[in-house]
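Peer 1: This is the structure I have questions about; it appears just below.
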Amino acid sequence: MKLPADFYRPLAIGAPEPIRQLPVVPERMIHFFPPHLPKVRDKVPELVGQVDVLLGNLEDAIPAEAKDAARAGFIEVARAVDFKDTGLWTRINALNSPWVLDDLFQIVAAIGGKLDVVMLPKVEGPWDIHYLDQLLAQLEARHQVRKPILIHAILETAQGVKNVNDIACASPRMHGMSLGPADLAASRGMKTTRVGGGHPSYGVLEDARADGAPRTLFQQDLWHYTVARMVDACLASGIRAFYGPFGDFKDEPACEAQFRNAFLLGCVGAWSLHPTQITIAKRVFSPEVKDVLFAKRILEAMPDGSGAVMLDGKMQDDATWKQAKVIVDLARLVAKRDPDLAAAYGFA
Ligand code: GLV
Ligand code: MG
């Protein structure tokens, strides 16, 4: 077992000190782009400021013959663009793939100082995080990277879900976790062919009626259990939880419902794979104006956060004060990026 005293020690001589507090920034959408396509690369500067995080994808969905071009394209765009407040992430290939060493060696060497987060797919247990943690420290030391590059795990294997608590607290480099419903469905033997979302056959049938009338099947959420486990594991370790991809780009209401369930359960953001999903994520993961206004009233009614008051006939106490604070803190964060919302929340 690693001694607690060593937890925050750099893992290589010359590597930066690990962080103790995650940067407080909105991360409502992690917008994926395929960096091997020149047309897509050309559009990246327009996305700066429009999305909270831009992620160059090197893993699944990038064809094997385009892996080198994707890596080179990501480096090119990362060098050329000023990302300002927008986070710069990459999803590297899996640790057992033939591409991952080149991904890490070339990217940290070329743009390590600009890279905020490495997203690691197919994480099975804390050993995967420890390996990447050590390797990143060595590369940071070699290339004089001054700010630690954080790790974001994708929760997308049955074993990963079994080990989710240990993954969440494996390293001070842990930024958070995303649910990967497509790989997870395959790994678990779920009988679906979708990327996230519900399934019309997964439901609860209402009781039989005396008159023999047709019974309704109420569709259930396939992902509730995993998202809830992931949120508890992440929040217990002070890191962030995200819903991952939603594959049916045309079904915007279903995407919105999936994102909203994740938001209500504790996630801070989701992946956007298509421009329409940027808009959906912005709407869902920015707290609703009416909720913010009510939460502000709770905080104002209980300035020291204790005791009990009635507001519009509803009891408020120390615990609802804390819930209100979660909403108002998020609203303040979002307001810094979005002047319209700042005005609507009453912060302008
Ligand atoms: C994402 O990587 C997924 O497998 O859903
Ligand atoms: Mg996956």
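All residue names refer to the structure tokens as shown: chains lettered A, B, ... in order, residues numbered from 1 in each chain, ligands numbered from 1 in order.
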Please provide as a VMD selection string all residues within 9 Å of Asp103 of chain A, with the sequence filter that same-chain residues fewer than 4 positions apart are discarded (counting only C-alpha atoms).
Peer 2: chain A and resid 58 68 71 92 to 93 99 107 to 108
Peer 1: Neighbouring residues of ligand 1 are defined here as those with any atom at most 7 Å from a ligand atom, counting only C-alpha atoms and all ligand atoms; list them as a VMD selection string.
Peer 2: chain A and resid 121 154 156 179 to 184 195 to 196 244 to 245
Peer 1: Excluding Ala137 of chain A and any residue of its chain fewer than 5 positions from it, enumerate the residues within 8 Å of it, using only C-alpha atoms, and give them as a short mmCIF file (atom, residue, chain, number, x, y, z; two decimals) with C-alpha atoms, in the first residue's frame.
Peer 2:
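Contents of result_29.cif, freshly written:
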data_model
loop_
_atom_site.label_atom_id
_atom_site.label_comp_id
_atom_site.auth_asym_id
_atom_site.auth_seq_id
_atom_site.Cartn_x
_atom_site.Cartn_y
_atom_site.Cartn_z
CA PRO A 10 5.66 14.11 -7.56
CA LEU A 11 6.28 10.68 -9.12
CA ALA A 12 9.39 11.79 -10.99
CA ALA A 15 7.74 16.72 -12.34
CA PRO A 16 5.37 19.42 -11.04
CA PRO A 148 0.29 18.64 -13.93
#
Peer 1: Using backbone DSSP assignments, extract all alpha helix (DSSP H) residues from segment 130-282 of chain A; output them as a PyMOL selection string.
Peer 2: chain A and resi 130-142+158-162+164-168+181-188+224-236+252-265+275-282
Peer 1: Of the residues A:Lys84, A:Lys296, A:His143, A:Arg240, which is the one nearest to Gly113 of chain A, using only C-alpha atoms?
Peer 2: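 Looking only at the distances to Gly113 of chain A, the closest residue turns out to be A:His143.
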Peer 1: Measuring between only C-alpha atoms, which one of A:Val292, A:Arg215, A:Glu17, A:Ala257 shows the shortest distance to Ala343 of chain A?
Peer 2: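 Once distances to Ala343 of chain A are computed over only C-alpha atoms, the minimum belongs to A:Val292.
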Peer 1: Could you find all residues in segment 110-348 of chain A that DSSP calls strand (DSSP E) from the backbone, and write them as an mmCIF file with all heavy atoms, in the first residue's frame?
Peer 2:
data_model
loop_
_atom_site.group_PDB
_atom_site.id
_atom_site.type_symbol
_atom_site.label_atom_id
_atom_site.label_comp_id
_atom_site.auth_asym_id
_atom_site.auth_seq_id
_atom_site.Cartn_x
_atom_site.Cartn_y
_atom_site.Cartn_z
ATOM 1 N N VAL A 117 -6.056 17.994 -19.776
ATOM 2 C CA VAL A 117 -6.522 16.682 -19.300
ATOM 3 C C VAL A 117 -6.309 15.624 -20.383
ATOM 4 O O VAL A 117 -6.545 15.878 -21.566
ATOM 5 C CB VAL A 117 -8.042 16.751 -18.956
ATOM 6 C CG1 VAL A 117 -8.576 15.378 -18.561
ATOM 7 C CG2 VAL A 117 -8.316 17.765 -17.842
ATOM 8 N N VAL A 118 -5.873 14.438 -19.936
ATOM 9 C CA VAL A 118 -5.824 13.259 -20.805
ATOM 10 C C VAL A 118 -6.994 12.362 -20.412
ATOM 11 O O VAL A 118 -7.125 11.994 -19.247
ATOM 12 C CB VAL A 118 -4.498 12.485 -20.610
ATOM 13 C CG1 VAL A 118 -4.584 11.100 -21.234
ATOM 14 C CG2 VAL A 118 -3.338 13.243 -21.219
ATOM 15 N N MET A 119 -7.832 12.036 -21.402
ATOM 16 C CA MET A 119 -8.938 11.113 -21.138
ATOM 17 C C MET A 119 -8.453 9.710 -21.461
ATOM 18 O O MET A 119 -7.962 9.449 -22.564
ATOM 19 C CB MET A 119 -10.145 11.487 -22.005
ATOM 20 C CG MET A 119 -11.354 10.624 -21.755
ATOM 21 S SD MET A 119 -12.726 11.063 -22.846
ATOM 22 C CE MET A 119 -13.531 12.355 -21.929
ATOM 23 N N LEU A 120 -8.577 8.803 -20.471
ATOM 24 C CA LEU A 120 -8.078 7.434 -20.637
ATOM 25 C C LEU A 120 -9.259 6.475 -20.785
ATOM 26 O O LEU A 120 -10.073 6.347 -19.876
ATOM 27 C CB LEU A 120 -7.231 7.046 -19.412
ATOM 28 C CG LEU A 120 -6.620 5.639 -19.450
ATOM 29 C CD1 LEU A 120 -5.626 5.491 -20.598
ATOM 30 C CD2 LEU A 120 -5.950 5.305 -18.119
ATOM 31 N N LEU A 150 -3.917 16.426 -15.993
ATOM 32 C CA LEU A 150 -4.857 15.623 -15.205
ATOM 33 C C LEU A 150 -5.351 14.414 -16.006
ATOM 34 O O LEU A 150 -5.214 14.375 -17.229
ATOM 35 C CB LEU A 150 -6.030 16.491 -14.750
ATOM 36 C CG LEU A 150 -5.631 17.729 -13.934
ATOM 37 C CD1 LEU A 150 -6.862 18.496 -13.463
ATOM 38 C CD2 LEU A 150 -4.769 17.342 -12.714
ATOM 39 N N ILE A 151 -5.922 13.449 -15.276
ATOM 40 C CA ILE A 151 -6.436 12.217 -15.907
ATOM 41 C C ILE A 151 -7.944 12.147 -15.719
ATOM 42 O O ILE A 151 -8.452 12.346 -14.611
ATOM 43 C CB ILE A 151 -5.804 10.950 -15.275
ATOM 44 C CG1 ILE A 151 -4.289 10.953 -15.433
ATOM 45 C CG2 ILE A 151 -6.420 9.694 -15.880
ATOM 46 C CD1 ILE A 151 -3.581 9.784 -14.712
ATOM 47 N N HIS A 152 -8.639 11.855 -16.812
ATOM 48 C CA HIS A 152 -10.086 11.644 -16.780
ATOM 49 C C HIS A 152 -10.334 10.217 -17.278
ATOM 50 O O HIS A 152 -9.925 9.869 -18.392
ATOM 51 C CB HIS A 152 -10.776 12.671 -17.688
ATOM 52 C CG HIS A 152 -12.248 12.598 -17.682
ATOM 53 N ND1 HIS A 152 -13.043 13.468 -16.973
ATOM 54 C CD2 HIS A 152 -13.095 11.743 -18.308
ATOM 55 C CE1 HIS A 152 -14.311 13.162 -17.158
ATOM 56 N NE2 HIS A 152 -14.377 12.129 -17.967
ATOM 57 N N ALA A 153 -10.966 9.390 -16.462
ATOM 58 C CA ALA A 153 -11.163 7.981 -16.819
ATOM 59 C C ALA A 153 -12.519 7.790 -17.492
ATOM 60 O O ALA A 153 -13.489 8.450 -17.118
ATOM 61 C CB ALA A 153 -11.106 7.125 -15.564
ATOM 62 N N ILE A 154 -12.569 6.897 -18.466
ATOM 63 C CA ILE A 154 -13.893 6.506 -18.987
ATOM 64 C C ILE A 154 -14.296 5.211 -18.282
ATOM 65 O O ILE A 154 -13.515 4.249 -18.225
ATOM 66 C CB ILE A 154 -13.914 6.302 -20.507
ATOM 67 C CG1 ILE A 154 -13.264 7.490 -21.231
ATOM 68 C CG2 ILE A 154 -15.351 6.131 -20.994
ATOM 69 C CD1 ILE A 154 -13.292 7.365 -22.757
ATOM 70 N N LEU A 155 -15.511 5.243 -17.731
ATOM 71 C CA LEU A 155 -16.059 4.083 -17.026
ATOM 72 C C LEU A 155 -16.845 3.293 -18.056
ATOM 73 O O LEU A 155 -17.983 3.649 -18.384
ATOM 74 C CB LEU A 155 -16.964 4.595 -15.897
ATOM 75 C CG LEU A 155 -17.445 3.560 -14.890
ATOM 76 C CD1 LEU A 155 -16.284 2.918 -14.149
ATOM 77 C CD2 LEU A 155 -18.429 4.187 -13.908
ATOM 78 N N MET A 174 -6.395 12.672 -10.684
ATOM 79 C CA MET A 174 -7.738 12.338 -11.186
ATOM 80 C C MET A 174 -8.599 13.592 -11.276
ATOM 81 O O MET A 174 -8.808 14.295 -10.298
ATOM 82 C CB MET A 174 -8.427 11.315 -10.273
ATOM 83 C CG MET A 174 -7.970 9.881 -10.484
ATOM 84 S SD MET A 174 -8.226 9.261 -12.168
ATOM 85 C CE MET A 174 -10.012 9.200 -12.262
ATOM 86 N N HIS A 175 -9.082 13.850 -12.480
ATOM 87 C CA HIS A 175 -9.981 14.982 -12.709
ATOM 88 C C HIS A 175 -11.430 14.547 -12.559
ATOM 89 O O HIS A 175 -12.257 15.255 -11.995
ATOM 90 C CB HIS A 175 -9.769 15.524 -14.131
ATOM 91 C CG HIS A 175 -10.891 16.363 -14.626
ATOM 92 N ND1 HIS A 175 -12.046 15.822 -15.172
ATOM 93 C CD2 HIS A 175 -11.083 17.702 -14.639
ATOM 94 C CE1 HIS A 175 -12.882 16.795 -15.488
ATOM 95 N NE2 HIS A 175 -12.317 17.942 -15.181
ATOM 96 N N GLY A 176 -11.758 13.371 -13.120
ATOM 97 C CA GLY A 176 -13.135 12.920 -13.087
ATOM 98 C C GLY A 176 -13.309 11.673 -13.912
ATOM 99 O O GLY A 176 -12.334 11.006 -14.273
ATOM 100 N N MET A 177 -14.575 11.393 -14.223
ATOM 101 C CA MET A 177 -14.923 10.167 -14.921
ATOM 102 C C MET A 177 -16.128 10.414 -15.806
ATOM 103 O O MET A 177 -16.994 11.212 -15.456
ATOM 104 C CB MET A 177 -15.355 9.149 -13.872
ATOM 105 C CG MET A 177 -14.537 7.908 -13.838
ATOM 106 S SD MET A 177 -15.202 6.851 -12.576
ATOM 107 C CE MET A 177 -14.058 7.131 -11.259
ATOM 108 N N SER A 178 -16.159 9.732 -16.950
ATOM 109 C CA SER A 178 -17.331 9.773 -17.824
ATOM 110 C C SER A 178 -17.878 8.368 -18.000
ATOM 111 O O SER A 178 -17.101 7.417 -18.158
ATOM 112 C CB SER A 178 -16.954 10.272 -19.227
ATOM 113 O OG SER A 178 -16.644 11.633 -19.241
ATOM 114 N N LEU A 179 -19.201 8.268 -18.039
ATOM 115 C CA LEU A 179 -19.820 6.988 -18.388
ATOM 116 C C LEU A 179 -19.680 6.758 -19.884
ATOM 117 O O LEU A 179 -20.039 7.637 -20.681
ATOM 118 C CB LEU A 179 -21.312 7.022 -18.028
ATOM 119 C CG LEU A 179 -22.113 5.822 -18.531
ATOM 120 C CD1 LEU A 179 -21.825 4.599 -17.680
ATOM 121 C CD2 LEU A 179 -23.597 6.112 -18.532
ATOM 122 N N GLY A 203 -38.377 -1.985 -19.292
ATOM 123 C CA GLY A 203 -39.397 -1.223 -18.578
ATOM 124 C C GLY A 203 -40.125 -2.066 -17.558
ATOM 125 O O GLY A 203 -39.794 -3.227 -17.320
ATOM 126 N N VAL A 204 -41.104 -1.447 -16.972
ATOM 127 C CA VAL A 204 -41.962 -2.118 -15.998
ATOM 128 C C VAL A 204 -43.383 -2.089 -16.551
ATOM 129 O O VAL A 204 -43.873 -1.021 -16.946
ATOM 130 C CB VAL A 204 -41.918 -1.387 -14.632
ATOM 131 C CG1 VAL A 204 -42.899 -2.014 -13.652
ATOM 132 C CG2 VAL A 204 -40.510 -1.399 -14.071
ATOM 133 N N LEU A 205 -44.012 -3.261 -16.595
ATOM 134 C CA LEU A 205 -45.373 -3.349 -17.131
ATOM 135 C C LEU A 205 -46.357 -3.062 -16.009
ATOM 136 O O LEU A 205 -46.245 -3.647 -14.915
ATOM 137 C CB LEU A 205 -45.592 -4.758 -17.683
ATOM 138 C CG LEU A 205 -46.857 -4.990 -18.504
ATOM 139 C CD1 LEU A 205 -46.855 -4.144 -19.780
ATOM 140 C CD2 LEU A 205 -47.000 -6.468 -18.849
ATOM 141 N N LEU A 217 -46.282 -0.272 -20.811
ATOM 142 C CA LEU A 217 -44.915 -0.560 -20.341
ATOM 143 C C LEU A 217 -44.246 0.779 -20.090
ATOM 144 O O LEU A 217 -44.111 1.592 -21.006
ATOM 145 C CB LEU A 217 -44.128 -1.340 -21.400
ATOM 146 C CG LEU A 217 -42.707 -1.702 -20.993
ATOM 147 C CD1 LEU A 217 -42.669 -2.987 -20.172
ATOM 148 C CD2 LEU A 217 -41.802 -1.868 -22.219
ATOM 149 N N PHE A 218 -43.837 1.034 -18.860
ATOM 150 C CA PHE A 218 -43.162 2.298 -18.547
ATOM 151 C C PHE A 218 -41.661 2.105 -18.712
ATOM 152 O O PHE A 218 -41.041 1.319 -18.003
ATOM 153 C CB PHE A 218 -43.493 2.744 -17.111
ATOM 154 C CG PHE A 218 -44.936 3.106 -16.956
ATOM 155 C CD1 PHE A 218 -45.837 2.199 -16.404
ATOM 156 C CD2 PHE A 218 -45.416 4.339 -17.390
ATOM 157 C CE1 PHE A 218 -47.177 2.523 -16.274
ATOM 158 C CE2 PHE A 218 -46.753 4.670 -17.260
ATOM 159 C CZ PHE A 218 -47.634 3.755 -16.707
ATOM 160 N N GLN A 219 -41.120 2.815 -19.687
ATOM 161 C CA GLN A 219 -39.691 2.655 -19.983
ATOM 162 C C GLN A 219 -38.843 3.113 -18.802
ATOM 163 O O GLN A 219 -39.145 4.137 -18.176
ATOM 164 C CB GLN A 219 -39.351 3.489 -21.225
ATOM 165 C CG GLN A 219 -38.182 2.923 -21.991
ATOM 166 C CD GLN A 219 -37.949 3.656 -23.294
ATOM 167 O OE1 GLN A 219 -38.892 3.878 -24.044
ATOM 168 N NE2 GLN A 219 -36.721 4.020 -23.561
ATOM 169 N N ARG A 240 -14.962 14.945 -10.550
ATOM 170 C CA ARG A 240 -16.212 15.272 -11.248
ATOM 171 C C ARG A 240 -16.747 14.103 -12.091
ATOM 172 O O ARG A 240 -15.956 13.362 -12.677
ATOM 173 C CB ARG A 240 -15.984 16.482 -12.161
ATOM 174 C CG ARG A 240 -15.531 17.658 -11.349
ATOM 175 C CD ARG A 240 -15.500 18.956 -12.119
ATOM 176 N NE ARG A 240 -14.975 19.947 -11.196
ATOM 177 C CZ ARG A 240 -13.985 20.791 -11.465
ATOM 178 N NH1 ARG A 240 -13.446 20.818 -12.654
ATOM 179 N NH2 ARG A 240 -13.559 21.613 -10.541
ATOM 180 N N ALA A 241 -18.072 14.023 -12.147
ATOM 181 C CA ALA A 241 -18.730 12.960 -12.909
ATOM 182 C C ALA A 241 -19.412 13.550 -14.150
ATOM 183 O O ALA A 241 -19.977 14.642 -14.087
ATOM 184 C CB ALA A 241 -19.766 12.269 -12.033
ATOM 185 N N PHE A 242 -19.355 12.783 -15.257
ATOM 186 C CA PHE A 242 -19.925 13.225 -16.536
ATOM 187 C C PHE A 242 -20.686 12.074 -17.184
ATOM 188 O O PHE A 242 -20.266 10.923 -17.092
ATOM 189 C CB PHE A 242 -18.812 13.642 -17.528
ATOM 190 C CG PHE A 242 -18.029 14.845 -17.115
ATOM 191 C CD1 PHE A 242 -17.136 14.780 -16.051
ATOM 192 C CD2 PHE A 242 -18.172 16.040 -17.790
ATOM 193 C CE1 PHE A 242 -16.406 15.890 -15.663
ATOM 194 C CE2 PHE A 242 -17.450 17.163 -17.410
ATOM 195 C CZ PHE A 242 -16.562 17.087 -16.339
ATOM 196 N N TYR A 243 -21.767 12.415 -17.875
ATOM 197 C CA TYR A 243 -22.359 11.451 -18.785
ATOM 198 C C TYR A 243 -21.528 11.531 -20.085
ATOM 199 O O TYR A 243 -21.066 12.608 -20.455
ATOM 200 C CB TYR A 243 -23.843 11.782 -19.064
ATOM 201 C CG TYR A 243 -24.405 10.845 -20.087
ATOM 202 C CD1 TYR A 243 -24.769 9.552 -19.720
ATOM 203 C CD2 TYR A 243 -24.478 11.208 -21.426
ATOM 204 C CE1 TYR A 243 -25.211 8.656 -20.671
ATOM 205 C CE2 TYR A 243 -24.921 10.314 -22.381
ATOM 206 C CZ TYR A 243 -25.273 9.039 -21.997
ATOM 207 O OH TYR A 243 -25.696 8.145 -22.947
ATOM 208 N N GLY A 269 -21.436 17.581 -16.535
ATOM 209 C CA GLY A 269 -21.420 17.794 -17.973
ATOM 210 C C GLY A 269 -21.582 16.484 -18.721
ATOM 211 O O GLY A 269 -21.788 15.424 -18.112
ATOM 212 N N ALA A 270 -21.502 16.592 -20.054
ATOM 213 C CA ALA A 270 -21.621 15.408 -20.917
ATOM 214 C C ALA A 270 -20.780 15.655 -22.160
ATOM 215 O O ALA A 270 -20.296 16.768 -22.379
ATOM 216 C CB ALA A 270 -23.078 15.181 -21.304
ATOM 217 N N TRP A 271 -20.623 14.626 -22.977
ATOM 218 C CA TRP A 271 -19.879 14.807 -24.228
ATOM 219 C C TRP A 271 -20.812 15.381 -25.283
ATOM 220 O O TRP A 271 -21.996 15.042 -25.333
ATOM 221 C CB TRP A 271 -19.354 13.470 -24.756
ATOM 222 C CG TRP A 271 -18.438 12.718 -23.847
ATOM 223 C CD1 TRP A 271 -18.055 13.065 -22.582
ATOM 224 C CD2 TRP A 271 -17.821 11.458 -24.122
ATOM 225 N NE1 TRP A 271 -17.226 12.110 -22.056
ATOM 226 C CE2 TRP A 271 -17.062 11.105 -22.978
ATOM 227 C CE3 TRP A 271 -17.818 10.596 -25.215
ATOM 228 C CZ2 TRP A 271 -16.325 9.928 -22.905
ATOM 229 C CZ3 TRP A 271 -17.085 9.418 -25.145
ATOM 230 C CH2 TRP A 271 -16.344 9.098 -24.004
ATOM 231 N N SER A 272 -20.268 16.247 -26.138
ATOM 232 C CA SER A 272 -21.032 16.637 -27.328
ATOM 233 C C SER A 272 -20.264 16.131 -28.544
ATOM 234 O O SER A 272 -19.063 16.357 -28.679
ATOM 235 C CB SER A 272 -21.265 18.155 -27.386
ATOM 236 O OG SER A 272 -20.065 18.872 -27.247
ATOM 237 N N ALA A 308 -34.155 26.933 10.553
ATOM 238 C CA ALA A 308 -35.224 26.514 9.638
ATOM 239 C C ALA A 308 -36.111 27.710 9.332
ATOM 240 O O ALA A 308 -36.384 28.529 10.216
ATOM 241 C CB ALA A 308 -36.052 25.403 10.273
ATOM 242 N N VAL A 309 -36.507 27.835 8.052
ATOM 243 C CA VAL A 309 -37.460 28.882 7.663
ATOM 244 C C VAL A 309 -38.450 28.264 6.681
ATOM 245 O O VAL A 309 -38.194 27.201 6.110
ATOM 246 C CB VAL A 309 -36.782 30.102 6.978
ATOM 247 C CG1 VAL A 309 -35.846 30.842 7.910
ATOM 248 C CG2 VAL A 309 -36.053 29.691 5.700
ATOM 249 N N MET A 310 -39.601 28.928 6.513
ATOM 250 C CA MET A 310 -40.572 28.497 5.504
ATOM 251 C C MET A 310 -40.489 29.468 4.332
ATOM 252 O O MET A 310 -40.474 30.680 4.521
ATOM 253 C CB MET A 310 -41.991 28.526 6.077
ATOM 254 C CG MET A 310 -42.231 27.568 7.225
ATOM 255 S SD MET A 310 -41.989 25.829 6.785
ATOM 256 C CE MET A 310 -43.432 25.529 5.764
ATOM 257 N N LEU A 311 -40.394 28.926 3.105
ATOM 258 C CA LEU A 311 -40.427 29.779 1.905
ATOM 259 C C LEU A 311 -41.490 29.209 0.974
ATOM 260 O O LEU A 311 -41.401 28.036 0.575
ATOM 261 C CB LEU A 311 -39.078 29.751 1.180
ATOM 262 C CG LEU A 311 -37.962 30.676 1.634
ATOM 263 C CD1 LEU A 311 -36.780 30.563 0.664
ATOM 264 C CD2 LEU A 311 -38.394 32.122 1.737
ATOM 265 N N LYS A 314 -42.675 25.884 1.849
ATOM 266 C CA LYS A 314 -41.761 24.729 1.869
ATOM 267 C C LYS A 314 -40.696 24.924 2.944
ATOM 268 O O LYS A 314 -40.114 26.007 3.058
ATOM 269 C CB LYS A 314 -41.056 24.573 0.514
ATOM 270 C CG LYS A 314 -42.006 24.330 -0.637
ATOM 271 C CD LYS A 314 -41.205 24.023 -1.898
ATOM 272 C CE LYS A 314 -42.083 23.935 -3.115
ATOM 273 N NZ LYS A 314 -42.503 25.240 -3.640
ATOM 274 N N MET A 315 -40.444 23.840 3.710
ATOM 275 C CA MET A 315 -39.470 23.944 4.782
ATOM 276 C C MET A 315 -38.038 24.017 4.229
ATOM 277 O O MET A 315 -37.685 23.265 3.316
ATOM 278 C CB MET A 315 -39.572 22.725 5.702
ATOM 279 C CG MET A 315 -38.899 22.923 7.006
ATOM 280 S SD MET A 315 -37.661 21.766 7.574
ATOM 281 C CE MET A 315 -37.251 20.613 6.394
ATOM 282 N N GLN A 316 -37.264 24.951 4.765
ATOM 283 C CA GLN A 316 -35.841 25.035 4.400
ATOM 284 C C GLN A 316 -35.031 24.890 5.685
ATOM 285 O O GLN A 316 -35.379 25.463 6.715
ATOM 286 C CB GLN A 316 -35.512 26.407 3.774
ATOM 287 C CG GLN A 316 -36.462 26.843 2.676
ATOM 288 C CD GLN A 316 -36.462 25.893 1.493
ATOM 289 O OE1 GLN A 316 -35.461 25.232 1.214
ATOM 290 N NE2 GLN A 316 -37.574 25.813 0.807
ATOM 291 N N ASP A 317 -33.952 24.121 5.599
ATOM 292 C CA ASP A 317 -33.077 23.991 6.775
ATOM 293 C C ASP A 317 -31.621 23.906 6.302
ATOM 294 O O ASP A 317 -31.318 24.194 5.147
ATOM 295 C CB ASP A 317 -33.489 22.781 7.637
ATOM 296 C CG ASP A 317 -33.241 21.458 6.921
ATOM 297 O OD1 ASP A 317 -32.754 21.482 5.771
ATOM 298 O OD2 ASP A 317 -33.532 20.412 7.511
#
Peer 1: Pick out the closest residue to Pro26 of chain A from this set: A:Leu265, A:Val40, A:Val53, A:Ala141. Count only C-alpha atoms.
Peer 2: A:Val53
Peer 1: Pick out the residues sitting within 8 Å of Thr276 of chain A, and hand them over as a ChimeraX atom specification; count only C-alpha atoms, and ignore anything fewer than 2 positions along from it in its own chain.
Peer 2: /A:249,252,274,278-280
Peer 1: For the residues in that selection, give me C-alpha atoms as a compact mmCIF listing (two decimals), in the first residue's frame.
Peer 2:
# COMPACT_ATOMS: atom_id res chain seq x y z
CA PHE A 249 -27.91 12.92 -33.08
CA GLU A 252 -32.57 15.73 -29.55
CA HIS A 274 -22.47 17.07 -32.81
CA ILE A 278 -23.47 21.67 -27.59
CA THR A 279 -26.69 23.65 -27.34
CA ILE A 280 -28.43 20.86 -25.44
Peer 1: Extract, using only C-alpha atoms, all DNA, RNA and protein residues at most 8 Å from segment 6-9 of chain A, discarding same-chain residues fewer than 4 positions from it, and format them as an mmCIF file with N, CA, C and O atoms, in the first residue's frame.
Peer 2:
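Output below, filename selection.cif:
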data_model
loop_
_atom_site.group_PDB
_atom_site.id
_atom_site.type_symbol
_atom_site.label_atom_id
_atom_site.label_comp_id
_atom_site.auth_asym_id
_atom_site.auth_seq_id
_atom_site.Cartn_x
_atom_site.Cartn_y
_atom_site.Cartn_z
ATOM 1 N N LYS A 2 0.499 2.215 -0.804
ATOM 2 C CA LYS A 2 1.253 3.469 -0.829
ATOM 3 C C LYS A 2 0.970 4.251 0.455
ATOM 4 O O LYS A 2 -0.195 4.326 0.879
ATOM 5 N N GLU A 17 4.480 19.586 -8.790
ATOM 6 C CA GLU A 17 3.730 19.128 -7.611
ATOM 7 C C GLU A 17 2.313 18.766 -8.032
ATOM 8 O O GLU A 17 1.666 19.539 -8.748
ATOM 9 N N PRO A 18 1.774 17.634 -7.550
ATOM 10 C CA PRO A 18 0.364 17.323 -7.831
ATOM 11 C C PRO A 18 -0.568 18.399 -7.255
ATOM 12 O O PRO A 18 -0.225 19.042 -6.256
ATOM 13 N N ILE A 19 -1.700 18.586 -7.894
ATOM 14 C CA ILE A 19 -2.647 19.589 -7.385
ATOM 15 C C ILE A 19 -3.456 19.013 -6.218
ATOM 16 O O ILE A 19 -3.606 17.804 -6.094
ATOM 17 N N ARG A 20 -3.947 19.907 -5.355
ATOM 18 C CA ARG A 20 -4.794 19.475 -4.234
ATOM 19 C C ARG A 20 -6.237 19.882 -4.427
ATOM 20 O O ARG A 20 -7.127 19.434 -3.713
ATOM 21 N N SER A 171 -5.286 8.667 -7.657
ATOM 22 C CA SER A 171 -4.177 9.627 -7.810
ATOM 23 C C SER A 171 -4.703 11.045 -7.658
ATOM 24 O O SER A 171 -5.848 11.325 -8.029
ATOM 25 N N PRO A 172 -3.850 11.973 -7.175
ATOM 26 C CA PRO A 172 -4.274 13.380 -7.142
ATOM 27 C C PRO A 172 -4.428 13.967 -8.543
ATOM 28 O O PRO A 172 -4.912 15.073 -8.705
#
Peer 1: Grab the atom CA of Leu37 of chain A to atom CA of Val81 of chain A distance for me, in Å with one decimal place.
Peer 2: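 Calculated distance between atom CA of Leu37 of chain A and atom CA of Val81 of chain A is 16.0 Å.
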Peer 1: Which residues come within 10 Å of Arg283 of chain A, counting only C-alpha atoms, excluding same-chain residues fewer than 6 positions away, as a PyMOL selection string?
Peer 2: chain A and resi 28+256+259-260+277
Peer 1: With N, CA, C and O atoms retained, could you export that selection as a CSV table (one decimal), in the first residue's frame?
Peer 2:
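For reference, result27.csv as written:
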chain,number,residue,atom,x,y,z
A,28,ARG,N,-19.4,22.0,-18.9
A,28,ARG,CA,-20.8,21.5,-19.2
A,28,ARG,C,-20.7,20.6,-20.4
A,28,ARG,O,-21.5,19.6,-20.5
A,256,GLU,N,-31.5,15.2,-24.6
A,256,GLU,CA,-31.7,16.1,-23.6
A,256,GLU,C,-32.2,15.4,-22.3
A,256,GLU,O,-31.7,15.7,-21.2
A,259,PHE,N,-29.2,13.7,-20.7
A,259,PHE,CA,-28.3,14.6,-20.1
A,259,PHE,C,-28.9,15.1,-18.8
A,259,PHE,O,-28.2,15.3,-17.8
A,260,ARG,N,-30.2,15.4,-18.9
A,260,ARG,CA,-30.9,16.0,-17.7
A,260,ARG,C,-30.9,15.0,-16.5
A,260,ARG,O,-30.6,15.4,-15.3
A,277,GLN,N,-25.7,19.1,-30.0
A,277,GLN,CA,-25.5,18.6,-28.6
A,277,GLN,C,-24.8,19.6,-27.7
A,277,GLN,O,-24.9,19.6,-26.5
Peer 1: So, with only C-alpha atoms and all ligand atoms as the atoms that count, which of A:Gly14, A:Gly212, A:Gly305, A:Gly247 lies closest to ligand 2?
Peer 2: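 Closest candidate: A:Gly247.
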